[in-house]
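Colleague: Input file: start18.pdb. Contents: PDB, C-alpha atoms, pLDDT in the B column.
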ATOM      1  CA  MET P  60      -9.126  50.865  -6.097  1.00 72.00           C
ATOM      2  CA  ALA P  61      -7.539  47.588  -7.148  1.00 78.00           C
ATOM      3  CA  SER P  62      -5.107  47.726  -4.232  1.00 82.00           C
ATOM      4  CA  ARG P  63      -7.962  48.306  -1.780  1.00 79.00           C
ATOM      5  CA  ALA P  64      -9.903  45.356  -3.201  1.00 80.00           C
ATOM      6  CA  LEU P  65      -6.802  43.158  -2.917  1.00 82.00           C
ATOM      7  CA  ILE P  66      -6.347  44.165   0.730  1.00 80.00           C
ATOM      8  CA  ILE P  67      -9.991  43.403   1.507  1.00 80.00           C
ATOM      9  CA  LEU P  68      -9.734  40.018  -0.227  1.00 79.00           C
ATOM     10  CA  PHE P  69      -6.544  39.206   1.694  1.00 78.00           C
ATOM     11  CA  ILE P  70      -8.152  40.061   5.036  1.00 79.00           C
ATOM     12  CA  ALA P  71     -11.253  38.018   4.147  1.00 75.00           C
ATOM     13  CA  LEU P  72      -9.109  34.992   3.304  1.00 73.00           C
ATOM     14  CA  LEU P  73      -7.287  35.341   6.615  1.00 76.00           C
ATOM     15  CA  TRP P  74     -10.591  35.314   8.490  1.00 72.00           C
ATOM     16  CA  LEU P  75     -12.213  32.456   6.567  1.00 74.00           C
ATOM     17  CA  PRO P  76     -10.637  29.626   8.636  1.00 74.00           C
ATOM     18  CA  THR P  77     -11.735  31.316  11.869  1.00 75.00           C
ATOM     19  CA  LEU P  78     -15.270  31.834  10.575  1.00 70.00           C
ATOM     20  CA  ASP P  79     -15.470  28.192   9.481  1.00 70.00           C
ATOM     21  CA  SER P  80     -14.315  27.041  12.912  1.00 73.00           C
ATOM     22  CA  ARG P  81     -17.169  29.069  14.411  1.00 72.00           C
ATOM     23  CA  TRP P  82     -19.971  28.421  11.917  1.00 75.00           C
ATOM     24  CA  GLY P  83     -18.974  25.085  10.295  1.00 76.00           C
ATOM     25  CA  TRP P  84     -19.150  26.172   6.657  1.00 76.00           C
ATOM     26  CA  ASP P  85     -16.874  23.350   5.443  1.00 77.00           C
ATOM     27  CA  ARG P  86     -19.302  20.614   4.308  1.00 77.00           C
ATOM     28  CA  CYS P  87     -16.650  18.423   2.692  1.00 78.00           C
ATOM     29  CA  PRO P  88     -16.615  14.800   4.007  1.00 76.00           C
ATOM     30  CA  ALA P  89     -13.882  14.156   6.549  1.00 74.00           C
ATOM     31  CA  PRO P  90     -10.815  12.408   5.082  1.00 71.00           C
ATOM     32  CA  ASN P  91     -10.251   8.806   6.123  1.00 67.00           C
ATOM     33  CA  GLU P  92      -7.069   9.307   8.161  1.00 66.00           C
ATOM     34  CA  LYS P  93      -7.414   6.070  10.181  1.00 60.00           C
ATOM     35  CA  ARG P  94      -6.521   7.863  13.402  1.00 67.00           C
ATOM     36  CA  LYS P  95      -8.264   9.807  16.138  1.00 78.00           C
ATOM     37  CA  LEU P  96      -7.958  13.564  15.735  1.00 78.00           C
ATOM     38  CA  ALA P  97      -6.465  15.496  18.641  1.00 81.00           C
ATOM     39  CA  ASN P  98      -8.853  16.624  21.381  1.00 84.00           C
ATOM     40  CA  PHE P  99      -8.828  20.105  22.874  1.00 82.00           C
ATOM     41  CA  PRO P 100      -6.380  19.925  25.813  1.00 83.00           C
ATOM     42  CA  ASP P 101      -7.286  20.575  29.424  1.00 83.00           C
ATOM     43  CA  TYR P 102      -5.451  23.440  31.082  1.00 78.00           C
ATOM     44  CA  LYS P 103      -3.972  22.388  34.428  1.00 77.00           C
ATOM     45  CA  SER P 104      -1.394  24.874  35.647  1.00 75.00           C
ATOM     46  CA  LEU P 105       1.383  27.229  34.571  1.00 71.00           C
ATOM     47  CA  GLN P 106       3.891  24.513  35.406  1.00 72.00           C
ATOM     48  CA  ASN P 107       2.481  22.365  32.596  1.00 72.00           C
ATOM     49  CA  MET P 108       2.326  25.198  30.085  1.00 78.00           C
ATOM     50  CA  GLY P 109       4.836  23.565  27.691  1.00 79.00           C
ATOM     51  CA  PRO P 110       2.890  20.314  27.176  1.00 81.00           C
ATOM     52  CA  TYR P 111      -0.359  22.303  27.066  1.00 80.00           C
ATOM     53  CA  VAL P 112       0.861  24.554  24.257  1.00 82.00           C
ATOM     54  CA  ALA P 113       2.139  21.514  22.326  1.00 84.00           C
ATOM     55  CA  ALA P 114      -1.225  19.781  22.725  1.00 83.00           C
ATOM     56  CA  LEU P 115      -3.009  22.971  21.664  1.00 80.00           C
ATOM     57  CA  GLU P 116      -0.897  23.094  18.504  1.00 84.00           C
ATOM     58  CA  ARG P 117      -1.787  19.465  17.693  1.00 86.00           C
ATOM     59  CA  TYR P 118      -5.459  20.311  18.141  1.00 81.00           C
ATOM     60  CA  PHE P 119      -5.194  23.314  15.827  1.00 76.00           C
ATOM     61  CA  ASP P 120      -3.375  21.231  13.179  1.00 80.00           C
ATOM     62  CA  ASP P 121      -6.297  18.785  13.166  1.00 77.00           C
ATOM     63  CA  HIS P 122      -9.181  21.283  13.348  1.00 76.00           C
ATOM     64  CA  PHE P 123      -8.312  24.569  11.603  1.00 76.00           C
ATOM     65  CA  GLY P 124     -10.980  26.053   9.356  1.00 77.00           C
ATOM     66  CA  PHE P 125     -11.651  24.456   5.961  1.00 78.00           C
ATOM     67  CA  ARG P 126      -9.114  21.713   6.721  1.00 82.00           C
ATOM     68  CA  LYS P 127     -11.314  18.969   5.200  1.00 81.00           C
ATOM     69  CA  GLN P 128     -11.767  20.871   1.937  1.00 81.00           C
ATOM     70  CA  LEU P 129      -8.074  21.736   1.697  1.00 79.00           C
ATOM     71  CA  VAL P 130      -7.072  18.107   2.258  1.00 79.00           C
ATOM     72  CA  ARG P 131      -9.510  17.046  -0.491  1.00 80.00           C
ATOM     73  CA  TRP P 132      -8.131  19.634  -2.922  1.00 80.00           C
ATOM     74  CA  ASN P 133      -4.564  18.593  -2.106  1.00 78.00           C
ATOM     75  CA  ASN P 134      -5.345  14.939  -2.833  1.00 73.00           C
ATOM     76  CA  ASP P 135      -7.209  15.753  -6.054  1.00 74.00           C
ATOM     77  CA  TRP P 136      -4.411  17.963  -7.360  1.00 75.00           C
ATOM     78  CA  LYS P 137      -1.773  15.364  -6.577  1.00 70.00           C
ATOM     79  CA  LEU P 138      -3.700  12.704  -8.470  1.00 69.00           C
ATOM     80  CA  LYS P 139      -5.005  14.700 -11.437  1.00 72.00           C
ATOM     81  CA  LEU P 140      -2.177  17.151 -12.076  1.00 72.00           C
ATOM     82  CA  PHE P 141       0.908  15.220 -10.989  1.00 66.00           C
ATOM     83  CA  HIS P 142      -0.363  11.594 -11.232  1.00 65.00           C
ATOM     84  CA  GLU P 143       0.850  11.078  -7.680  1.00 62.00           C
ATOM     85  CA  SER P 144      -1.180   9.036  -5.251  1.00 61.00           C
ATOM     86  CA  PRO P 145      -2.210  10.844  -2.044  1.00 63.00           C
ATOM     87  CA  VAL P 146      -1.143   7.644  -0.257  1.00 60.00           C
ATOM     88  CA  SER P 147       2.630   7.948   0.041  1.00 61.00           C
ATOM     89  CA  MET P 148       3.265   4.237  -0.506  1.00 73.00           C
ATOM     90  CA  ALA P 149       1.094   3.867  -3.600  1.00 77.00           C
ATOM     91  CA  ILE P 150       1.753   4.786  -7.223  1.00 79.00           C
ATOM     92  CA  GLU P 151      -0.742   5.393  -9.995  1.00 80.00           C
ATOM     93  CA  GLY P 152      -0.416   3.141 -13.004  1.00 84.00           C
ATOM     94  CA  ARG P 153      -2.227   3.275 -16.314  1.00 85.00           C
ATOM     95  CA  ASP P 154      -6.022   3.469 -16.654  1.00 86.00           C
ATOM     96  CA  GLY P 155      -6.476   4.308 -12.973  1.00 83.00           C
ATOM     97  CA  TRP P 156      -4.688   1.232 -11.571  1.00 87.00           C
ATOM     98  CA  LEU P 157      -2.951   1.643  -8.205  1.00 87.00           C
ATOM     99  CA  TYR P 158       0.085  -0.338  -7.033  1.00 85.00           C
ATOM    100  CA  TRP P 159       1.725  -0.694  -3.631  1.00 84.00           C
ATOM    101  CA  ALA P 160       5.203   0.835  -3.702  1.00 80.00           C
ATOM    102  CA  GLY P 161       6.308   0.220  -0.110  1.00 77.00           C
ATOM    103  CA  ASP P 162       8.493  -2.562   1.287  1.00 76.00           C
ATOM    104  CA  GLY P 163      10.752  -2.542  -1.782  1.00 77.00           C
ATOM    105  CA  MET P 164       8.008  -3.856  -4.069  1.00 80.00           C
ATOM    106  CA  LEU P 165       9.125  -1.955  -7.153  1.00 79.00           C
ATOM    107  CA  ALA P 166      12.779  -2.866  -6.678  1.00 82.00           C
ATOM    108  CA  ASN P 167      11.810  -6.518  -6.347  1.00 82.00           C
ATOM    109  CA  TYR P 168       9.680  -6.407  -9.498  1.00 83.00           C
ATOM    110  CA  GLU P 169      12.431  -4.683 -11.459  1.00 83.00           C
ATOM    111  CA  GLY P 170      14.976  -7.260 -10.256  1.00 81.00           C
ATOM    112  CA  SER P 171      17.284  -4.653  -8.774  1.00 81.00           C
ATOM    113  CA  THR P 172      17.355  -6.367  -5.362  1.00 84.00           C
ATOM    114  CA  ARG P 173      18.720  -9.884  -4.944  1.00 86.00           C
ATOM    115  CA  LEU P 174      18.929 -12.707  -2.431  1.00 90.00           C
ATOM    116  CA  ASP P 175      22.501 -13.758  -1.754  1.00 92.00           C
ATOM    117  CA  GLU P 176      23.588 -17.384  -1.389  1.00 94.00           C
ATOM    118  CA  GLN P 177      23.415 -17.301   2.407  1.00 95.00           C
ATOM    119  CA  GLU P 178      19.848 -15.982   2.348  1.00 95.00           C
ATOM    120  CA  LEU P 179      18.790 -18.668  -0.129  1.00 95.00           C
ATOM    121  CA  ASN P 180      20.311 -21.384   2.034  1.00 96.00           C
ATOM    122  CA  ASP P 181      18.640 -19.947   5.135  1.00 96.00           C
ATOM    123  CA  TRP P 182      15.267 -20.072   3.387  1.00 96.00           C
ATOM    124  CA  ARG P 183      15.876 -23.661   2.267  1.00 96.00           C
ATOM    125  CA  LYS P 184      16.821 -24.800   5.782  1.00 97.00           C
ATOM    126  CA  LEU P 185      13.797 -23.064   7.297  1.00 96.00           C
ATOM    127  CA  LEU P 186      11.363 -24.670   4.847  1.00 96.00           C
ATOM    128  CA  GLU P 187      12.945 -28.098   5.224  1.00 97.00           C
ATOM    129  CA  THR P 188      12.721 -27.843   9.029  1.00 97.00           C
ATOM    130  CA  ARG P 189       9.019 -27.052   8.788  1.00 96.00           C
ATOM    131  CA  ARG P 190       8.459 -29.836   6.245  1.00 96.00           C
ATOM    132  CA  ASP P 191      10.229 -32.405   8.400  1.00 96.00           C
ATOM    133  CA  TRP P 192       8.386 -31.318  11.571  1.00 97.00           C
ATOM    134  CA  LEU P 193       5.009 -31.786   9.881  1.00 95.00           C
ATOM    135  CA  ALA P 194       6.050 -35.027   8.161  1.00 95.00           C
ATOM    136  CA  ALA P 195       6.885 -36.518  11.557  1.00 96.00           C
ATOM    137  CA  ARG P 196       3.269 -35.862  12.516  1.00 94.00           C
ATOM    138  CA  GLY P 197       1.810 -37.286   9.324  1.00 93.00           C
ATOM    139  CA  GLU P 198       1.070 -33.935   7.689  1.00 91.00           C
ATOM    140  CA  LYS P 199       1.978 -32.673   4.233  1.00 88.00           C
ATOM    141  CA  TYR P 200       3.759 -29.345   3.872  1.00 91.00           C
ATOM    142  CA  VAL P 201       3.399 -27.048   0.855  1.00 89.00           C
ATOM    143  CA  PHE P 202       5.019 -23.617   0.885  1.00 92.00           C
ATOM    144  CA  VAL P 203       2.787 -21.133  -0.950  1.00 88.00           C
ATOM    145  CA  VAL P 204       3.931 -17.668  -2.030  1.00 86.00           C
ATOM    146  CA  ALA P 205       1.197 -15.095  -2.647  1.00 84.00           C
ATOM    147  CA  PRO P 206       2.231 -13.169  -5.784  1.00 86.00           C
ATOM    148  CA  ASP P 207       2.060  -9.404  -5.825  1.00 87.00           C
ATOM    149  CA  LYS P 208      -0.123  -7.444  -8.191  1.00 90.00           C
ATOM    150  CA  HIS P 209       2.906  -6.193 -10.154  1.00 89.00           C
ATOM    151  CA  SER P 210       3.746  -9.680 -11.437  1.00 89.00           C
ATOM    152  CA  ILE P 211       0.176 -10.452 -12.560  1.00 91.00           C
ATOM    153  CA  TYR P 212      -0.773  -7.105 -14.103  1.00 92.00           C
ATOM    154  CA  PRO P 213       2.531  -5.511 -15.186  1.00 90.00           C
ATOM    155  CA  GLU P 214       0.837  -4.020 -18.257  1.00 92.00           C
ATOM    156  CA  TYR P 215      -0.785  -1.306 -16.121  1.00 90.00           C
ATOM    157  CA  LEU P 216       2.378  -0.240 -14.312  1.00 89.00           C
ATOM    158  CA  PRO P 217       3.736   3.247 -15.095  1.00 85.00           C
ATOM    159  CA  ALA P 218       5.936   3.356 -18.189  1.00 84.00           C
ATOM    160  CA  TRP P 219       8.982   4.273 -16.080  1.00 84.00           C
ATOM    161  CA  VAL P 220       8.850   0.946 -14.196  1.00 83.00           C
ATOM    162  CA  VAL P 221      11.057  -1.335 -16.290  1.00 83.00           C
ATOM    163  CA  LYS P 222      12.337  -4.821 -15.469  1.00 83.00           C
ATOM    164  CA  SER P 223      16.106  -5.189 -15.396  1.00 81.00           C
ATOM    165  CA  GLY P 224      16.049  -8.649 -16.997  1.00 80.00           C
ATOM    166  CA  LYS P 225      17.284 -10.263 -13.775  1.00 84.00           C
ATOM    167  CA  PRO P 226      15.101 -12.779 -11.910  1.00 86.00           C
ATOM    168  CA  SER P 227      13.060 -11.553  -8.963  1.00 87.00           C
ATOM    169  CA  LYS P 228      13.647 -12.790  -5.420  1.00 90.00           C
ATOM    170  CA  LEU P 229      10.803 -15.279  -5.853  1.00 90.00           C
ATOM    171  CA  ASP P 230      12.312 -16.621  -9.073  1.00 91.00           C
ATOM    172  CA  GLN P 231      15.649 -16.946  -7.302  1.00 93.00           C
ATOM    173  CA  LEU P 232      14.062 -18.893  -4.452  1.00 94.00           C
ATOM    174  CA  LEU P 233      12.112 -21.173  -6.780  1.00 94.00           C
ATOM    175  CA  ALA P 234      15.216 -22.004  -8.807  1.00 94.00           C
ATOM    176  CA  HIS P 235      17.253 -22.618  -5.657  1.00 96.00           C
ATOM    177  CA  MET P 236      14.626 -24.916  -4.127  1.00 95.00           C
ATOM    178  CA  ARG P 237      14.222 -26.924  -7.341  1.00 94.00           C
ATOM    179  CA  ALA P 238      17.970 -27.440  -7.515  1.00 95.00           C
ATOM    180  CA  HIS P 239      18.726 -28.149  -3.842  1.00 95.00           C
ATOM    181  CA  SER P 240      15.585 -29.361  -2.057  1.00 95.00           C
ATOM    182  CA  THR P 241      12.505 -31.547  -2.296  1.00 94.00           C
ATOM    183  CA  VAL P 242      10.209 -29.141  -0.421  1.00 94.00           C
ATOM    184  CA  GLU P 243       7.133 -28.427  -2.508  1.00 90.00           C
ATOM    185  CA  VAL P 244       6.977 -24.709  -3.303  1.00 90.00           C
ATOM    186  CA  LEU P 245       3.816 -23.558  -5.042  1.00 88.00           C
ATOM    187  CA  ASP P 246       4.067 -20.660  -7.484  1.00 89.00           C
ATOM    188  CA  LEU P 247       0.594 -19.148  -7.902  1.00 87.00           C
ATOM    189  CA  ARG P 248       1.502 -16.747 -10.680  1.00 89.00           C
ATOM    190  CA  PRO P 249       0.597 -19.092 -13.586  1.00 88.00           C
ATOM    191  CA  ALA P 250      -2.855 -19.734 -12.092  1.00 85.00           C
ATOM    192  CA  LEU P 251      -3.587 -16.035 -11.647  1.00 86.00           C
ATOM    193  CA  ILE P 252      -2.270 -15.135 -15.099  1.00 88.00           C
ATOM    194  CA  ALA P 253      -4.574 -17.799 -16.550  1.00 86.00           C
ATOM    195  CA  ALA P 254      -7.460 -16.473 -14.443  1.00 84.00           C
ATOM    196  CA  LYS P 255      -7.124 -12.926 -15.743  1.00 85.00           C
ATOM    197  CA  LYS P 256      -7.778 -14.152 -19.287  1.00 86.00           C
ATOM    198  CA  ALA P 257     -11.304 -15.031 -18.186  1.00 87.00           C
ATOM    199  CA  GLY P 258     -11.927 -12.003 -15.971  1.00 88.00           C
ATOM    200  CA  LEU P 259     -10.406  -9.457 -13.634  1.00 90.00           C
ATOM    201  CA  ALA P 260      -8.413 -11.366 -10.990  1.00 89.00           C
ATOM    202  CA  PHE P 261      -7.124  -8.441  -8.885  1.00 90.00           C
ATOM    203  CA  LEU P 262      -8.782  -5.345  -7.487  1.00 89.00           C
ATOM    204  CA  GLN P 263      -7.898  -2.321  -9.579  1.00 88.00           C
ATOM    205  CA  THR P 264      -7.234   0.001  -6.642  1.00 85.00           C
ATOM    206  CA  ASP P 265      -6.095  -2.555  -4.055  1.00 84.00           C
ATOM    207  CA  THR P 266      -3.168  -4.923  -3.630  1.00 84.00           C
ATOM    208  CA  HIS P 267      -5.272  -8.090  -3.254  1.00 87.00           C
ATOM    209  CA  TRP P 268      -6.906 -10.471  -5.672  1.00 87.00           C
ATOM    210  CA  ASN P 269     -10.696 -10.387  -5.887  1.00 89.00           C
ATOM    211  CA  SER P 270     -13.191 -13.229  -5.343  1.00 89.00           C
ATOM    212  CA  PHE P 271     -12.739 -14.406  -8.935  1.00 87.00           C
ATOM    213  CA  GLY P 272      -8.970 -14.665  -8.521  1.00 86.00           C
ATOM    214  CA  ALA P 273      -9.395 -16.288  -5.105  1.00 87.00           C
ATOM    215  CA  PHE P 274     -11.498 -19.054  -6.699  1.00 87.00           C
ATOM    216  CA  PHE P 275      -8.595 -20.006  -8.978  1.00 82.00           C
ATOM    217  CA  ILE P 276      -6.186 -19.861  -6.058  1.00 82.00           C
ATOM    218  CA  ARG P 277      -8.306 -22.158  -3.875  1.00 84.00           C
ATOM    219  CA  THR P 278      -8.736 -24.574  -6.762  1.00 83.00           C
ATOM    220  CA  THR P 279      -5.016 -24.682  -7.494  1.00 78.00           C
ATOM    221  CA  ILE P 280      -4.018 -25.225  -3.867  1.00 79.00           C
ATOM    222  CA  ALA P 281      -6.667 -27.912  -3.386  1.00 80.00           C
ATOM    223  CA  LEU P 282      -5.402 -29.841  -6.421  1.00 78.00           C
ATOM    224  CA  ILE P 283      -1.795 -29.659  -5.197  1.00 72.00           C
ATOM    225  CA  ILE P 284      -2.615 -30.777  -1.655  1.00 72.00           C
ATOM    226  CA  SER P 285      -4.843 -33.631  -2.787  1.00 73.00           C
ATOM    227  CA  SER P 286      -2.304 -34.993  -5.274  1.00 66.00           C
TER
END
Go ahead and express the file in the form of structure tokens.
Modeller:
Amino acid sequence: MASRALIILFIALLWLPTLDSRWGWDRCPAPNEKRKLANFPDYKSLQNMGPYVAALERYFDDHFGFRKQLVRWNNDWKLKLFHESPVSMAIEGRDGWLYWAGDGMLANYEGSTRLDEQELNDWRKLLETRRDWLAARGEKYVFVVAPDKHSIYPEYLPAWVVKSGKPSKLDQLLAHMRAHSTVEVLDLRPALIAAKKAGLAFLQTDTHWNSFGAFFIRTTIALIISS
């Protein structure tokens, strides 16, 4: 009896995606994939059967039954069970904070990647060229670096993200410019760290500062430019 019930359940599960494709039982909101899902391909001739079958497979991958619900469950399980963000380039920190992990952000925060002497000199020459070009036209040049969220709110990073004790690339550049150039380089980190004492300066689940943090940034830049 148990074996028969298991067989019936197995067959029902096999048919569920087909039934959903026909009757639309999956009421879960569509995931925000930021792309257009594949359309059903047009059959042209036997000579184009290869591309047609490939296009048909892409359509099935985007439209099989209960796909929206399965994607939602997959994302929820990744986040709640494994503390892994469904977005491949994001990591979950403490208290629900999210951080961007692409483009070597974590390695830069930890200090495990470095600028060599040639790269520092190339940056200095580039900034001086821009400064001199604007000065010849009566304009002031200030090089502003937008700090990442990691350097302003490191307290919410996962416990396994640990600084190496070495300066970051930005700290390297700042030290090099102070020692070898007169180009004005503005470090916004102190302003944002001061701002967060009065209120939240960054979005908890985004990489950008919020309107409160932006107010401090605009004020700081305006004071530097007007001085």
Colleague: Near region 163-173 of chain P, counting all atoms listed in the file, which residues have an atom at most 9 Å away, once you skip same-chain residues fewer than 2 positions from it, shown as a VMD selection string?
Modeller: chain P and resid 159 to 161 175 207 209 to 210 220 to 229 231
Colleague: Enumerate, as a list of chain:residue names, the residues matched when the PyMOL selection byres ((chain P and resi 179) around 12) is run on the file above.
Modeller: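 Answer for the PyMOL selection byres ((chain P and resi 179) around 12): P:Arg173, P:Leu174, P:Asp175, P:Glu176, P:Gln177, P:Glu178, P:Asn180, P:Asp181, P:Trp182, P:Arg183, P:Lys184, P:Leu185, P:Leu186, P:Lys228, P:Leu229, P:Asp230, P:Gln231, P:Leu232, P:Leu233, P:Ala234, P:His235, P:Met236, P:Arg237, P:Ala238, P:His239, P:Ser240.
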Colleague: Applying the PyMOL selection byres ((chain P and resi 131) around 12) to the file I just gave you, which residues come out? Please list them as a PDB file with C-alpha atoms, in the coordinates of the input.
Modeller:
ATOM      1  CA  ASP P  85     -16.874  23.350   5.443  1.00 77.00           C
ATOM      2  CA  ARG P  86     -19.302  20.614   4.308  1.00 77.00           C
ATOM      3  CA  CYS P  87     -16.650  18.423   2.692  1.00 78.00           C
ATOM      4  CA  PRO P  88     -16.615  14.800   4.007  1.00 76.00           C
ATOM      5  CA  ALA P  89     -13.882  14.156   6.549  1.00 74.00           C
ATOM      6  CA  PRO P  90     -10.815  12.408   5.082  1.00 71.00           C
ATOM      7  CA  ASN P  91     -10.251   8.806   6.123  1.00 67.00           C
ATOM      8  CA  GLU P  92      -7.069   9.307   8.161  1.00 66.00           C
ATOM      9  CA  PHE P 125     -11.651  24.456   5.961  1.00 78.00           C
ATOM     10  CA  ARG P 126      -9.114  21.713   6.721  1.00 82.00           C
ATOM     11  CA  LYS P 127     -11.314  18.969   5.200  1.00 81.00           C
ATOM     12  CA  GLN P 128     -11.767  20.871   1.937  1.00 81.00           C
ATOM     13  CA  LEU P 129      -8.074  21.736   1.697  1.00 79.00           C
ATOM     14  CA  VAL P 130      -7.072  18.107   2.258  1.00 79.00           C
ATOM     15  CA  TRP P 132      -8.131  19.634  -2.922  1.00 80.00           C
ATOM     16  CA  ASN P 133      -4.564  18.593  -2.106  1.00 78.00           C
ATOM     17  CA  ASN P 134      -5.345  14.939  -2.833  1.00 73.00           C
ATOM     18  CA  ASP P 135      -7.209  15.753  -6.054  1.00 74.00           C
ATOM     19  CA  TRP P 136      -4.411  17.963  -7.360  1.00 75.00           C
ATOM     20  CA  LYS P 137      -1.773  15.364  -6.577  1.00 70.00           C
ATOM     21  CA  LEU P 138      -3.700  12.704  -8.470  1.00 69.00           C
ATOM     22  CA  PRO P 145      -2.210  10.844  -2.044  1.00 63.00           C
TER      23      PRO P 145
END
Colleague: From the list P:Gly272, P:Arg277, P:Val201, P:Pro213, which residue is nearest Val244 (chain P) when using all atoms listed in the file?
Modeller: P:Val201
Colleague: To one decimal place, how far is CA of Pro206 (chain P) from CA of Trp268 (chain P) in Å?
Modeller: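 Separating CA of Pro206 (chain P) from CA of Trp268 (chain P) is a distance of 9.5 Å.
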Colleague: For Val203 (chain P), which of P:Thr188, P:Asn269, P:Thr279, P:Gln263 is the closest residue, counting all atoms listed in the file?
Modeller: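 Smallest distance to Val203 (chain P) is found for P:Thr279.
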Colleague: Might you spell out which residues the PyMOL selection byres ((chain P and resi 158) around 8) would select in the displayed file, as a PyMOL selection string?
Modeller: chain P and resi 149-152+156-157+159-160+208-209+216+264-266
Colleague: Can you tell me which residues surround region 60-74 of chain P at a distance of at most 12 Å, considering only C-alpha atoms, apart from same-chain residues fewer than 3 positions away, and format the answer as a ChimeraX atom specification?
Modeller: /P:77-81,123-125
Colleague: Which distance in Å separates CA of Leu247 (chain P) and CA of His267 (chain P), to one decimal?
Modeller: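 For CA of Leu247 (chain P) relative to CA of His267 (chain P), the distance reads 13.4 Å.
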Colleague: Please supply region 262-281 of chain P, rebuilt with N, CA and C atoms, as a tab-separated table (two decimals), in the coordinates of the input.
Modeller:
chain	number	residue	atom	x	y	z
P	262	LEU	N	-8.07	-6.61	-7.65
P	262	LEU	CA	-8.78	-5.34	-7.49
P	262	LEU	C	-7.96	-4.22	-8.10
P	263	GLN	N	-8.61	-3.35	-8.84
P	263	GLN	CA	-7.90	-2.32	-9.58
P	263	GLN	C	-7.20	-1.31	-8.67
P	264	THR	N	-7.80	-1.01	-7.54
P	264	THR	CA	-7.23	0.00	-6.64
P	264	THR	C	-6.83	-0.59	-5.30
P	265	ASP	N	-6.49	-1.88	-5.28
P	265	ASP	CA	-6.10	-2.56	-4.06
P	265	ASP	C	-4.98	-3.53	-4.40
P	266	THR	N	-4.28	-4.02	-3.39
P	266	THR	CA	-3.17	-4.92	-3.63
P	266	THR	C	-3.58	-6.38	-3.72
P	267	HIS	N	-4.84	-6.71	-3.39
P	267	HIS	CA	-5.27	-8.09	-3.25
P	267	HIS	C	-6.03	-8.58	-4.48
P	268	TRP	N	-6.06	-9.92	-4.63
P	268	TRP	CA	-6.91	-10.47	-5.67
P	268	TRP	C	-8.36	-10.40	-5.23
P	269	ASN	N	-9.27	-10.45	-6.20
P	269	ASN	CA	-10.70	-10.39	-5.89
P	269	ASN	C	-11.25	-11.80	-5.71
P	270	SER	N	-12.58	-11.92	-5.57
P	270	SER	CA	-13.19	-13.23	-5.34
P	270	SER	C	-13.00	-14.15	-6.54
P	271	PHE	N	-12.96	-13.58	-7.74
P	271	PHE	CA	-12.74	-14.41	-8.94
P	271	PHE	C	-11.33	-15.00	-8.92
P	272	GLY	N	-10.33	-14.16	-8.61
P	272	GLY	CA	-8.97	-14.66	-8.52
P	272	GLY	C	-8.80	-15.64	-7.38
P	273	ALA	N	-9.49	-15.39	-6.25
P	273	ALA	CA	-9.40	-16.29	-5.11
P	273	ALA	C	-9.93	-17.68	-5.43
P	274	PHE	N	-10.96	-17.75	-6.30
P	274	PHE	CA	-11.50	-19.05	-6.70
P	274	PHE	C	-10.42	-19.89	-7.40
P	275	PHE	N	-9.67	-19.28	-8.29
P	275	PHE	CA	-8.60	-20.01	-8.98
P	275	PHE	C	-7.50	-20.41	-8.01
P	276	ILE	N	-7.22	-19.54	-7.04
P	276	ILE	CA	-6.19	-19.86	-6.06
P	276	ILE	C	-6.61	-21.05	-5.21
P	277	ARG	N	-7.83	-21.04	-4.70
P	277	ARG	CA	-8.31	-22.16	-3.88
P	277	ARG	C	-8.31	-23.46	-4.66
P	278	THR	N	-8.71	-23.37	-5.93
P	278	THR	CA	-8.74	-24.57	-6.76
P	278	THR	C	-7.33	-25.13	-6.97
P	279	THR	N	-6.40	-24.26	-7.26
P	279	THR	CA	-5.02	-24.68	-7.49
P	279	THR	C	-4.41	-25.32	-6.26
P	280	ILE	N	-4.58	-24.69	-5.10
P	280	ILE	CA	-4.02	-25.22	-3.87
P	280	ILE	C	-4.67	-26.55	-3.52
P	281	ALA	N	-5.98	-26.67	-3.69
P	281	ALA	CA	-6.67	-27.91	-3.39
P	281	ALA	C	-6.16	-29.06	-4.25
